[in-house]
Every structure is written in C-alpha cells, then in structure tokens.
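Participant: Below is the file query_9.pdb, which contains PDB, C-alpha atoms, pLDDT in the B column.
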MODEL        1
ATOM      1  CA  MET A   1      31.353-155.817 116.570  1.00 53.00           C
ATOM      2  CA  PHE A   2      31.540-154.388 113.031  1.00 53.00           C
ATOM      3  CA  ARG A   3      35.004-155.407 111.905  1.00 58.00           C
ATOM      4  CA  HIS A   4      35.276-159.058 112.967  1.00 55.00           C
ATOM      5  CA  GLN A   5      34.418-161.694 110.376  1.00 57.00           C
ATOM      6  CA  GLY A   6      34.836-165.419 109.949  1.00 53.00           C
ATOM      7  CA  ASN A   7      36.999-167.149 112.560  1.00 54.00           C
ATOM      8  CA  THR A   8      37.745-163.917 114.433  1.00 56.00           C
ATOM      9  CA  ARG A   9      34.064-163.241 115.086  1.00 58.00           C
ATOM     10  CA  THR A  10      32.640-164.332 118.432  1.00 66.00           C
ATOM     11  CA  PHE A  11      29.130-164.722 119.748  1.00 68.00           C
ATOM     12  CA  SER A  12      29.717-161.611 121.860  1.00 74.00           C
ATOM     13  CA  HIS A  13      30.238-159.562 118.685  1.00 74.00           C
ATOM     14  CA  ASN A  14      26.900-160.800 117.325  1.00 77.00           C
ATOM     15  CA  LYS A  15      25.123-159.918 120.572  1.00 83.00           C
ATOM     16  CA  LYS A  16      26.466-156.364 120.485  1.00 84.00           C
ATOM     17  CA  ILE A  17      25.579-155.674 116.877  1.00 85.00           C
ATOM     18  CA  ALA A  18      22.183-157.368 117.270  1.00 87.00           C
ATOM     19  CA  SER A  19      21.365-155.081 120.195  1.00 89.00           C
ATOM     20  CA  LEU A  20      22.441-151.906 118.413  1.00 91.00           C
ATOM     21  CA  LEU A  21      20.860-152.547 115.021  1.00 92.00           C
ATOM     22  CA  SER A  22      17.598-154.014 116.304  1.00 93.00           C
ATOM     23  CA  LEU A  23      17.170-150.925 118.511  1.00 95.00           C
ATOM     24  CA  VAL A  24      17.800-148.751 115.439  1.00 95.00           C
ATOM     25  CA  ALA A  25      15.325-150.770 113.367  1.00 93.00           C
ATOM     26  CA  GLY A  26      12.633-150.521 116.032  1.00 94.00           C
ATOM     27  CA  MET A  27      12.961-146.735 116.111  1.00 96.00           C
ATOM     28  CA  VAL A  28      12.965-146.422 112.320  1.00 95.00           C
ATOM     29  CA  ASN A  29       9.896-148.633 112.027  1.00 94.00           C
ATOM     30  CA  ILE A  30       7.828-146.496 114.408  1.00 95.00           C
ATOM     31  CA  ALA A  31       9.114-143.218 112.968  1.00 95.00           C
ATOM     32  CA  GLY A  32       8.026-144.320 109.497  1.00 93.00           C
ATOM     33  CA  LEU A  33       4.652-145.506 110.731  1.00 94.00           C
ATOM     34  CA  LEU A  34       3.852-142.337 112.691  1.00 94.00           C
ATOM     35  CA  SER A  35       5.117-139.930 110.046  1.00 92.00           C
ATOM     36  CA  VAL A  36       3.857-141.417 106.757  1.00 92.00           C
ATOM     37  CA  GLN A  37       1.773-144.417 107.928  1.00 90.00           C
ATOM     38  CA  ARG A  38       4.124-146.917 106.323  1.00 90.00           C
ATOM     39  CA  LEU A  39       6.023-149.844 107.814  1.00 86.00           C
ATOM     40  CA  THR A  40       9.608-149.512 106.664  1.00 87.00           C
ATOM     41  CA  THR A  41      11.458-152.522 108.065  1.00 84.00           C
ATOM     42  CA  ASN A  42       9.900-155.376 106.049  1.00 82.00           C
ATOM     43  CA  LEU A  43       8.215-156.102 102.722  1.00 86.00           C
ATOM     44  CA  THR A  44       5.487-158.683 103.406  1.00 83.00           C
ATOM     45  CA  GLY A  45       2.647-156.181 103.701  1.00 86.00           C
ATOM     46  CA  HIS A  46       3.876-154.054 100.826  1.00 87.00           C
ATOM     47  CA  THR A  47       4.094-157.064  98.530  1.00 89.00           C
ATOM     48  CA  THR A  48       0.555-158.068  99.487  1.00 88.00           C
ATOM     49  CA  PHE A  49      -0.793-154.583  98.786  1.00 87.00           C
ATOM     50  CA  PHE A  50       1.119-154.467  95.486  1.00 90.00           C
ATOM     51  CA  ILE A  51      -0.669-157.594  94.279  1.00 91.00           C
ATOM     52  CA  SER A  52      -4.081-156.507  95.559  1.00 90.00           C
ATOM     53  CA  LYS A  53      -3.801-153.084  93.909  1.00 88.00           C
ATOM     54  CA  ILE A  54      -2.978-154.693  90.566  1.00 90.00           C
ATOM     55  CA  PHE A  55      -6.062-156.898  90.687  1.00 88.00           C
ATOM     56  CA  THR A  56      -8.266-153.926  91.579  1.00 87.00           C
ATOM     57  CA  LEU A  57      -6.692-151.936  88.707  1.00 84.00           C
ATOM     58  CA  GLN A  58      -5.333-149.258  91.036  1.00 91.00           C
ATOM     59  CA  LEU A  59      -2.188-149.056  88.967  1.00 88.00           C
ATOM     60  CA  HIS A  60      -0.702-145.896  90.450  1.00 89.00           C
ATOM     61  CA  GLU A  61      -0.968-147.277  93.995  1.00 90.00           C
ATOM     62  CA  SER A  62       0.390-150.632  92.876  1.00 91.00           C
ATOM     63  CA  PHE A  63       3.423-148.902  91.348  1.00 93.00           C
ATOM     64  CA  ILE A  64       4.117-147.122  94.647  1.00 93.00           C
ATOM     65  CA  TYR A  65       4.064-150.410  96.542  1.00 92.00           C
ATOM     66  CA  PHE A  66       6.293-151.914  93.877  1.00 93.00           C
ATOM     67  CA  LEU A  67       8.776-149.087  94.489  1.00 95.00           C
ATOM     68  CA  TYR A  68       8.728-149.850  98.214  1.00 94.00           C
ATOM     69  CA  VAL A  69       9.964-153.347  97.394  1.00 94.00           C
ATOM     70  CA  VAL A  70      12.522-151.991  94.919  1.00 95.00           C
ATOM     71  CA  PHE A  71      14.047-149.525  97.384  1.00 96.00           C
ATOM     72  CA  PHE A  72      14.453-152.180 100.082  1.00 95.00           C
ATOM     73  CA  PHE A  73      16.092-154.404  97.468  1.00 95.00           C
ATOM     74  CA  LEU A  74      18.362-151.559  96.327  1.00 96.00           C
ATOM     75  CA  GLY A  75      19.489-150.952  99.893  1.00 95.00           C
ATOM     76  CA  SER A  76      20.425-154.607 100.238  1.00 93.00           C
ATOM     77  CA  PHE A  77      22.191-154.606  96.854  1.00 95.00           C
ATOM     78  CA  VAL A  78      24.171-151.423  97.517  1.00 94.00           C
ATOM     79  CA  SER A  79      25.255-152.610 100.948  1.00 92.00           C
ATOM     80  CA  SER A  80      26.459-155.979  99.684  1.00 91.00           C
ATOM     81  CA  PHE A  81      28.152-154.416  96.644  1.00 92.00           C
ATOM     82  CA  LEU A  82      30.072-151.939  98.804  1.00 90.00           C
ATOM     83  CA  ILE A  83      31.089-154.640 101.270  1.00 87.00           C
ATOM     84  CA  GLU A  84      32.437-156.860  98.498  1.00 87.00           C
ATOM     85  CA  ALA A  85      34.274-153.958  96.826  1.00 86.00           C
ATOM     86  CA  ILE A  86      35.812-152.575 100.008  1.00 84.00           C
ATOM     87  CA  SER A  87      36.785-156.020 101.340  1.00 80.00           C
ATOM     88  CA  ARG A  88      39.308-156.292  98.520  1.00 80.00           C
ATOM     89  CA  LYS A  89      41.182-153.267  99.876  1.00 77.00           C
ATOM     90  CA  ASP A  90      40.722-153.037 103.659  1.00 70.00           C
ATOM     91  CA  GLN A  91      39.137-155.810 105.697  1.00 69.00           C
ATOM     92  CA  HIS A  92      39.225-153.839 108.945  1.00 68.00           C
ATOM     93  CA  TRP A  93      36.848-151.099 107.771  1.00 70.00           C
ATOM     94  CA  VAL A  94      34.757-153.045 105.306  1.00 77.00           C
ATOM     95  CA  PHE A  95      31.469-152.250 107.071  1.00 81.00           C
ATOM     96  CA  VAL A  96      32.151-148.607 107.881  1.00 85.00           C
ATOM     97  CA  ILE A  97      30.906-147.024 104.640  1.00 87.00           C
ATOM     98  CA  PRO A  98      27.492-148.796 104.559  1.00 90.00           C
ATOM     99  CA  THR A  99      26.956-147.836 108.203  1.00 91.00           C
ATOM    100  CA  VAL A 100      27.933-144.217 107.555  1.00 92.00           C
ATOM    101  CA  ILE A 101      25.553-144.098 104.567  1.00 94.00           C
ATOM    102  CA  GLU A 102      22.733-145.389 106.759  1.00 95.00           C
ATOM    103  CA  SER A 103      23.495-142.786 109.406  1.00 96.00           C
ATOM    104  CA  ILE A 104      23.662-139.930 106.878  1.00 96.00           C
ATOM    105  CA  ILE A 105      20.306-140.849 105.325  1.00 96.00           C
ATOM    106  CA  LEU A 106      18.689-140.989 108.768  1.00 97.00           C
ATOM    107  CA  PHE A 107      20.143-137.580 109.628  1.00 96.00           C
ATOM    108  CA  LEU A 108      18.840-136.103 106.367  1.00 96.00           C
ATOM    109  CA  ILE A 109      15.333-137.469 106.918  1.00 96.00           C
ATOM    110  CA  ALA A 110      15.407-136.180 110.486  1.00 96.00           C
ATOM    111  CA  LEU A 111      16.383-132.678 109.367  1.00 95.00           C
ATOM    112  CA  PHE A 112      14.281-132.321 106.217  1.00 94.00           C
ATOM    113  CA  GLY A 113      11.582-134.990 106.489  1.00 90.00           C
ATOM    114  CA  GLU A 114       8.892-132.727 107.946  1.00 90.00           C
ATOM    115  CA  HIS A 115       9.072-130.558 104.799  1.00 90.00           C
ATOM    116  CA  LEU A 116       8.520-133.647 102.618  1.00 90.00           C
ATOM    117  CA  ILE A 117       5.482-135.049 104.415  1.00 90.00           C
ATOM    118  CA  PRO A 118       2.813-132.783 102.825  1.00 87.00           C
ATOM    119  CA  ASP A 119       3.705-133.458  99.178  1.00 86.00           C
ATOM    120  CA  CYS A 120       6.456-136.104  99.059  1.00 88.00           C
ATOM    121  CA  SER A 121       5.685-138.516 101.875  1.00 88.00           C
ATOM    122  CA  ASP A 122       6.638-141.501  99.725  1.00 92.00           C
ATOM    123  CA  THR A 123      10.184-140.127  99.522  1.00 93.00           C
ATOM    124  CA  ILE A 124      10.484-140.691 103.262  1.00 95.00           C
ATOM    125  CA  ALA A 125       9.154-144.238 102.926  1.00 94.00           C
ATOM    126  CA  PHE A 126      11.528-144.969 100.024  1.00 95.00           C
ATOM    127  CA  SER A 127      14.486-143.651 102.011  1.00 95.00           C
ATOM    128  CA  LEU A 128      13.697-145.605 105.170  1.00 96.00           C
ATOM    129  CA  LEU A 129      13.093-148.808 103.211  1.00 95.00           C
ATOM    130  CA  PHE A 130      16.430-148.317 101.453  1.00 96.00           C
ATOM    131  CA  VAL A 131      18.121-147.815 104.821  1.00 95.00           C
ATOM    132  CA  MET A 132      16.554-150.945 106.293  1.00 94.00           C
ATOM    133  CA  GLY A 133      17.473-153.010 103.240  1.00 93.00           C
ATOM    134  CA  LEU A 134      21.017-151.735 103.596  1.00 94.00           C
ATOM    135  CA  GLN A 135      21.092-152.589 107.302  1.00 92.00           C
ATOM    136  CA  ASN A 136      19.594-156.049 106.824  1.00 91.00           C
ATOM    137  CA  SER A 137      22.207-156.930 104.240  1.00 90.00           C
ATOM    138  CA  LEU A 138      24.950-155.414 106.386  1.00 88.00           C
ATOM    139  CA  VAL A 139      24.176-157.400 109.522  1.00 87.00           C
ATOM    140  CA  THR A 140      23.580-160.577 107.509  1.00 85.00           C
ATOM    141  CA  LYS A 141      27.042-160.299 105.966  1.00 82.00           C
ATOM    142  CA  ILE A 142      28.726-159.389 109.246  1.00 80.00           C
ATOM    143  CA  SER A 143      27.184-162.192 111.294  1.00 76.00           C
ATOM    144  CA  GLY A 144      27.238-164.875 108.643  1.00 72.00           C
ATOM    145  CA  ALA A 145      23.424-164.883 108.428  1.00 71.00           C
ATOM    146  CA  ILE A 146      23.054-165.506 112.169  1.00 74.00           C
ATOM    147  CA  VAL A 147      21.557-162.095 112.999  1.00 78.00           C
ATOM    148  CA  ARG A 148      18.549-160.344 111.447  1.00 78.00           C
ATOM    149  CA  THR A 149      17.377-157.049 112.895  1.00 78.00           C
ATOM    150  CA  THR A 150      14.907-155.267 110.625  1.00 77.00           C
ATOM    151  CA  HIS A 151      11.833-157.480 111.143  1.00 79.00           C
ATOM    152  CA  LEU A 152      10.687-160.037 113.682  1.00 85.00           C
ATOM    153  CA  THR A 153       8.878-162.694 111.619  1.00 84.00           C
ATOM    154  CA  GLY A 154      11.946-164.861 111.152  1.00 85.00           C
ATOM    155  CA  ILE A 155      13.145-164.157 114.692  1.00 89.00           C
ATOM    156  CA  PHE A 156       9.926-165.427 116.262  1.00 91.00           C
ATOM    157  CA  THR A 157      10.001-168.433 113.927  1.00 90.00           C
ATOM    158  CA  ASP A 158      13.556-169.322 114.972  1.00 89.00           C
ATOM    159  CA  LEU A 159      12.736-168.729 118.631  1.00 91.00           C
ATOM    160  CA  GLY A 160       9.720-171.028 118.450  1.00 93.00           C
ATOM    161  CA  ILE A 161      11.808-173.775 116.842  1.00 92.00           C
ATOM    162  CA  GLU A 162      14.603-173.392 119.397  1.00 90.00           C
ATOM    163  CA  LEU A 163      12.275-173.388 122.410  1.00 91.00           C
ATOM    164  CA  SER A 164      10.599-176.564 121.150  1.00 92.00           C
ATOM    165  CA  GLN A 165      14.019-178.187 120.786  1.00 88.00           C
ATOM    166  CA  LEU A 166      14.677-177.643 124.501  1.00 87.00           C
ATOM    167  CA  PHE A 167      12.248-180.492 125.179  1.00 85.00           C
ATOM    168  CA  PHE A 168      14.393-182.906 123.154  1.00 85.00           C
ATOM    169  CA  TYR A 169      17.993-181.661 123.282  1.00 80.00           C
ATOM    170  CA  ARG A 170      19.318-183.028 126.565  1.00 75.00           C
ATOM    171  CA  THR A 171      23.087-183.217 126.282  1.00 80.00           C
ATOM    172  CA  LYS A 172      25.319-180.405 127.506  1.00 80.00           C
ATOM    173  CA  GLU A 173      26.804-179.892 124.045  1.00 82.00           C
ATOM    174  CA  GLN A 174      23.356-179.495 122.493  1.00 79.00           C
ATOM    175  CA  LYS A 175      22.213-177.036 125.157  1.00 80.00           C
ATOM    176  CA  ASP A 176      25.460-175.069 124.891  1.00 81.00           C
ATOM    177  CA  ARG A 177      24.642-174.453 121.230  1.00 85.00           C
ATOM    178  CA  LEU A 178      20.909-173.904 121.645  1.00 88.00           C
ATOM    179  CA  VAL A 179      20.577-171.669 124.726  1.00 88.00           C
ATOM    180  CA  PRO A 180      22.835-168.841 123.438  1.00 88.00           C
ATOM    181  CA  MET A 181      20.798-168.662 120.214  1.00 89.00           C
ATOM    182  CA  ILE A 182      17.573-168.464 122.221  1.00 91.00           C
ATOM    183  CA  MET A 183      19.010-165.633 124.297  1.00 91.00           C
ATOM    184  CA  LEU A 184      20.239-163.854 121.148  1.00 91.00           C
ATOM    185  CA  HIS A 185      16.784-163.941 119.557  1.00 92.00           C
ATOM    186  CA  ILE A 186      15.150-162.759 122.785  1.00 94.00           C
ATOM    187  CA  ARG A 187      17.684-159.914 122.904  1.00 93.00           C
ATOM    188  CA  ILE A 188      16.815-158.872 119.326  1.00 92.00           C
ATOM    189  CA  ILE A 189      13.078-158.886 120.089  1.00 94.00           C
ATOM    190  CA  ILE A 190      13.526-156.870 123.290  1.00 95.00           C
ATOM    191  CA  CYS A 191      15.793-154.278 121.649  1.00 95.00           C
ATOM    192  CA  PHE A 192      13.464-153.927 118.652  1.00 94.00           C
ATOM    193  CA  LEU A 193      10.521-153.369 121.006  1.00 95.00           C
ATOM    194  CA  LEU A 194      12.525-150.933 123.139  1.00 96.00           C
ATOM    195  CA  GLY A 195      13.404-148.960 120.020  1.00 96.00           C
ATOM    196  CA  GLY A 196       9.747-148.860 119.051  1.00 95.00           C
ATOM    197  CA  VAL A 197       8.648-147.750 122.509  1.00 97.00           C
ATOM    198  CA  LEU A 198      11.344-145.068 122.672  1.00 97.00           C
ATOM    199  CA  ALA A 199      10.371-143.677 119.268  1.00 96.00           C
ATOM    200  CA  SER A 200       6.667-143.780 120.194  1.00 96.00           C
ATOM    201  CA  VAL A 201       7.276-141.809 123.384  1.00 97.00           C
ATOM    202  CA  LEU A 202       9.526-139.214 121.777  1.00 97.00           C
ATOM    203  CA  TYR A 203       7.776-138.753 118.416  1.00 96.00           C
ATOM    204  CA  PRO A 204       5.019-136.418 119.728  1.00 95.00           C
ATOM    205  CA  TYR A 205       7.775-134.063 120.918  1.00 95.00           C
ATOM    206  CA  LEU A 206      10.464-134.507 118.270  1.00 95.00           C
ATOM    207  CA  ALA A 207       8.578-135.713 115.170  1.00 94.00           C
ATOM    208  CA  LEU A 208      11.091-137.013 112.610  1.00 95.00           C
ATOM    209  CA  TYR A 209      13.941-135.472 114.590  1.00 96.00           C
ATOM    210  CA  VAL A 210      13.659-138.662 116.622  1.00 97.00           C
ATOM    211  CA  LEU A 211      15.726-140.308 113.858  1.00 96.00           C
ATOM    212  CA  ILE A 212      18.739-138.333 115.052  1.00 96.00           C
ATOM    213  CA  ILE A 213      18.940-140.844 117.904  1.00 96.00           C
ATOM    214  CA  PRO A 214      19.438-144.022 115.809  1.00 96.00           C
ATOM    215  CA  ALA A 215      21.709-142.118 113.409  1.00 96.00           C
ATOM    216  CA  THR A 216      23.875-141.053 116.339  1.00 95.00           C
ATOM    217  CA  LEU A 217      23.884-144.548 117.834  1.00 94.00           C
ATOM    218  CA  LEU A 218      25.292-145.931 114.583  1.00 93.00           C
ATOM    219  CA  LEU A 219      28.114-143.380 114.603  1.00 91.00           C
ATOM    220  CA  LEU A 220      28.825-144.104 118.265  1.00 90.00           C
ATOM    221  CA  GLY A 221      29.086-147.781 117.377  1.00 86.00           C
ATOM    222  CA  LEU A 222      31.691-146.943 114.736  1.00 84.00           C
ATOM    223  CA  PHE A 223      33.506-144.635 117.155  1.00 82.00           C
ATOM    224  CA  TYR A 224      33.656-147.492 119.660  1.00 75.00           C
ATOM    225  CA  GLU A 225      35.214-149.643 116.950  1.00 69.00           C
ATOM    226  CA  SER A 226      37.748-146.956 116.016  1.00 67.00           C
ATOM    227  CA  ILE A 227      38.946-146.860 119.637  1.00 66.00           C
ATOM    228  CA  LYS A 228      39.281-150.621 119.864  1.00 58.00           C
ATOM    229  CA  LEU A 229      40.906-151.141 116.454  1.00 50.00           C
ATOM    230  CA  PRO A 230      44.423-149.879 117.404  1.00 50.00           C
ATOM    231  CA  LEU A 231      44.319-152.101 120.500  1.00 42.00           C
ATOM    232  CA  PHE A 232      43.222-155.042 118.351  1.00 44.00           C
ATOM    233  CA  ILE A 233      46.049-154.482 115.859  1.00 43.00           C
ATOM    234  CA  LYS A 234      48.643-154.052 118.636  1.00 46.00           C
ATOM    235  CA  LYS A 235      47.507-157.221 120.356  1.00 45.00           C
ATOM    236  CA  LYS A 236      47.657-159.128 117.079  1.00 47.00           C
ATOM    237  CA  ASN A 237      51.155-157.828 116.309  1.00 48.00           C
ATOM    238  CA  ASP A 238      52.361-158.796 119.780  1.00 49.00           C
ATOM    239  CA  ILE A 239      51.540-162.440 119.142  1.00 45.00           C
ATOM    240  CA  PRO A 240      54.845-164.274 118.435  1.00 45.00           C
ATOM    241  CA  GLU A 241      55.209-165.885 115.047  1.00 41.00           C
TER     242      GLU A 241
ENDMDL
END
Take the structure I supplied and represent it as structure tokens, if you would.
Facilitator:
Amino acid sequence: MFRHQGNTRTFSHNKKIASLLSLVAGMVNIAGLLSVQRLTTNLTGHTTFFISKIFTLQLHESFIYFLYVVFFFLGSFVSSFLIEAISRKDQHWVFVIPTVIESIILFLIALFGEHLIPDCSDTIAFSLLFVMGLQNSLVTKISGAIVRTTHLTGIFTDLGIELSQLFFYRTKEQKDRLVPMIMLHIRIIICFLLGGVLASVLYPYLALYVLIIPATLLLLGLFYESIKLPLFIKKKNDIPE
C-alpha cells in the first residue's frame, strides 16, 4: 500500500492506506486536543484565530497560531521533498523515510510529552501539526490526490457530491466509478472516528503514551510492506519478457 505508484497502484492499495492513516490521524487529533487543547490535523481554525488575534492586537497569541500553520506547512514540504529526492534513487522504498520520521516523532511525544505540557505545551502542538502535514502530503503523493486522511472537511464535501450524483448517474460504468469512491470516503470517516474514540477511551489511562499505538501501527504497515516486497519483485521477475 506504500510502495505502489502510478499504473501499479490499485484501488485496494488506496483503501488499505486510507484505513491505516485515517485511524492514525483520528488518534493524533484527540491526543492533541486532550493534552494541549489544540486540534492538530487541520489548519482552518488556527488560521481563523491567527487573523482574529491580529485584529485584537494580541500579537504573541497571533504569532503562536501563525507557527501552527507554519509547522503543518513544513511537514508537508519536508515529506514532499524527501519523496522527490528518494524517488530518484529507489522507487520501491520512496515512502519509507517520511513514514519512519512520522513514527519516530509520535514515539518521542509519547515518551516525553508529559514533561513538556506544563511549560512547553506548544512544542507538542507544533510537533503533531508537523506530523500531520507530513502525513497529508505523503498520502496525497502516494494515492495521486485520491486519499486525504488528516481532516474530514473535504471528505464530507466529496461524499455529499458523490451521493447526490447517485440520483443522476444511471449507467453501470458510471456507478462502477462512483460507488467505490463513496465507500472509500465512508471508510476514511469511520476509521478517523474509530481512531478518535480509541484515543478518547485510552487517554485517561495512558495520557500521551496513547500515541505509541499510532506510531506502532505505522511501523507495522511498513513491516507488512517489507514482507510483501520480495514476493512482489519475484513475481515481477517471473513475468516473461
């Protein structure tokens, strides 16, 4: 689900990565909200607060909200930069390093985040926003902009459009294209909500250690890929020229 791109990528690959990363995003979003009272998977609210703080001359607060936007942007930039750089050397593992970086940051916040909350809570928010920017760019590049996993605004918009089209698209070909996309967007919403519920249930017991779960899930996803890669290469080499 991580390595396939272009013509080799199937809808099944997009479903798998959408499920995994939307579950991760849902958990990160709730962990950030419960720990430092910040949403860390999207920028709409932060941009709004940034503007409002400027007009009320609360310049320090406005700068913090500006940094929230910057760190999400930096995550997206770093992810895309690494993907482009690595793709020129090894196409098979082009998405491994961004995913490992995301997992490492989540592990570090899980292990040391509680010590940062009293005096450096914004560091946690910056880190989680960076991670979600990185993930959003990662899944956008992998899926060819078909999958988004870090926020639901666009997903609900697409789902509303697609459900309305069911009333007008009657041919089998049209429905064969439309229904899978509807099911994909429903899958993303469900997995995001499941991640949020899971983090909400576990946070009172684990606090920020709950982030160990999404960090581990990312590594398990890569491990799954590492098992399948030799089989993929062997199968490709067995195809007669």
Participant: Work out how far apart CA of Lys175 in chain A and CA of Ser137 in chain A are and give it in Å to one decimal.
Facilitator: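 So the two atoms, CA of Lys175 in chain A and CA of Ser137 in chain A, lie 29.0 Å apart.
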Participant: Name the residues that the PyMOL selection byres ((chain A and resi 218) around 8) pulls out of this structure, and write them as number ranges by chain.
Facilitator: A: 20-21, 99-100, 103, 214-217, 219-222
Participant: Taking 3 positions as the minimum chain separation for residues in the same chain, which residues sit within 8 Å of Leu193 in chain A when counting all atoms listed in the file? Answer as a list of chain:residue names.
Facilitator: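 Here the answer would be A:Leu23, A:Gly26, A:Ile189, A:Ile190, A:Gly196, A:Val197.
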Participant: Could you give me, as a ChimeraX atom specification, the residues within 7 Å of Leu208 in chain A, counting only C-alpha atoms and dropping anything in the same chain fewer than 2 positions from it?
Facilitator: /A:31,110,113-114,203,206,210-211
Participant: Step by step, gather every atom of range 31-50 of chain A that the file lists, find the box along x, y and z that holds them, add 5 Å on each side, and finally give centre and edge lengths in Å to one decimal, as AutoDock Vina command-line options.
Facilitator:
--center_x 5.3 --center_y -149.3 --center_z 104.2 --size_x 22.3 --size_y 28.8 --size_z 27.5
Participant: Find the distance between CA of Leu152 in chain A and CA of Ile17 in chain A and write it in Å to one decimal.
Facilitator: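 Separating CA of Leu152 in chain A from CA of Ile17 in chain A is a distance of 15.8 Å.
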Participant: Using 7 Å as the limit and counting only C-alpha atoms, can you tabulate each residue of range 99-207 of chain A that touches range 34-58 of chain A, with its shortest atom-to-atom distance in Å and the two atoms involved, as a tab-separated table?
Facilitator:
residue	atom	partner	partner_atom	distance
A:Ile117	CA	A:Val36	CA	7.0
A:Ser121	CA	A:Val36	CA	6.0
A:Ala125	CA	A:Thr40	CA	6.5
A:Leu128	CA	A:Thr40	CA	5.8
A:Leu129	CA	A:Thr40	CA	5.0
A:Met132	CA	A:Thr41	CA	5.6
A:Thr150	CA	A:Thr41	CA	5.1
A:His151	CA	A:Asn42	CA	5.8
Participant: Measure the distance from CA of Asp176 in chain A to CA of Gly160 in chain A in Å and round it to one decimal.
Facilitator: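 So the two atoms, CA of Asp176 in chain A and CA of Gly160 in chain A, lie 17.5 Å apart.
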Participant: Report the residues retrieved by the PyMOL selection byres ((chain A and resi 166) around 12) from the displayed file, expressed as a list in words.
Facilitator: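 For this structure, the PyMOL selection byres ((chain A and resi 166) around 12) captures Leu159, Gly160, Ile161, Glu162, Leu163, Ser164, Gln165, Phe167, Phe168, Tyr169, Arg170, Thr171, Lys172, Gln174, Lys175, Asp176, Arg177, Leu178, Val179, Met181 and Ile182 of chain A.
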Participant: Check the smallest atom-to-atom distance from each of A:Ser79, A:Ser22, A:Ser200, A:Gln135 to Thr149 in chain A using all atoms listed in the file, then report the winner.
Facilitator: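 Comparing A:Ser79, A:Ser22, A:Ser200, A:Gln135 against Thr149 in chain A, the winner is A:Ser22.
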Participant: Quick one: residues within 12 Å of Ala145 in chain A, only C-alpha atoms counted, chain neighbours fewer than 2 positions away excluded, as a list in words?
Facilitator: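 With the cut-off at 12 Å, the set is Gln5, Gly6, Asn14, Ala18, Asn136, Ser137, Leu138, Val139, Thr140, Lys141, Ile142, Ser143, Val147, Arg148, Thr149 and Gly154 of chain A.
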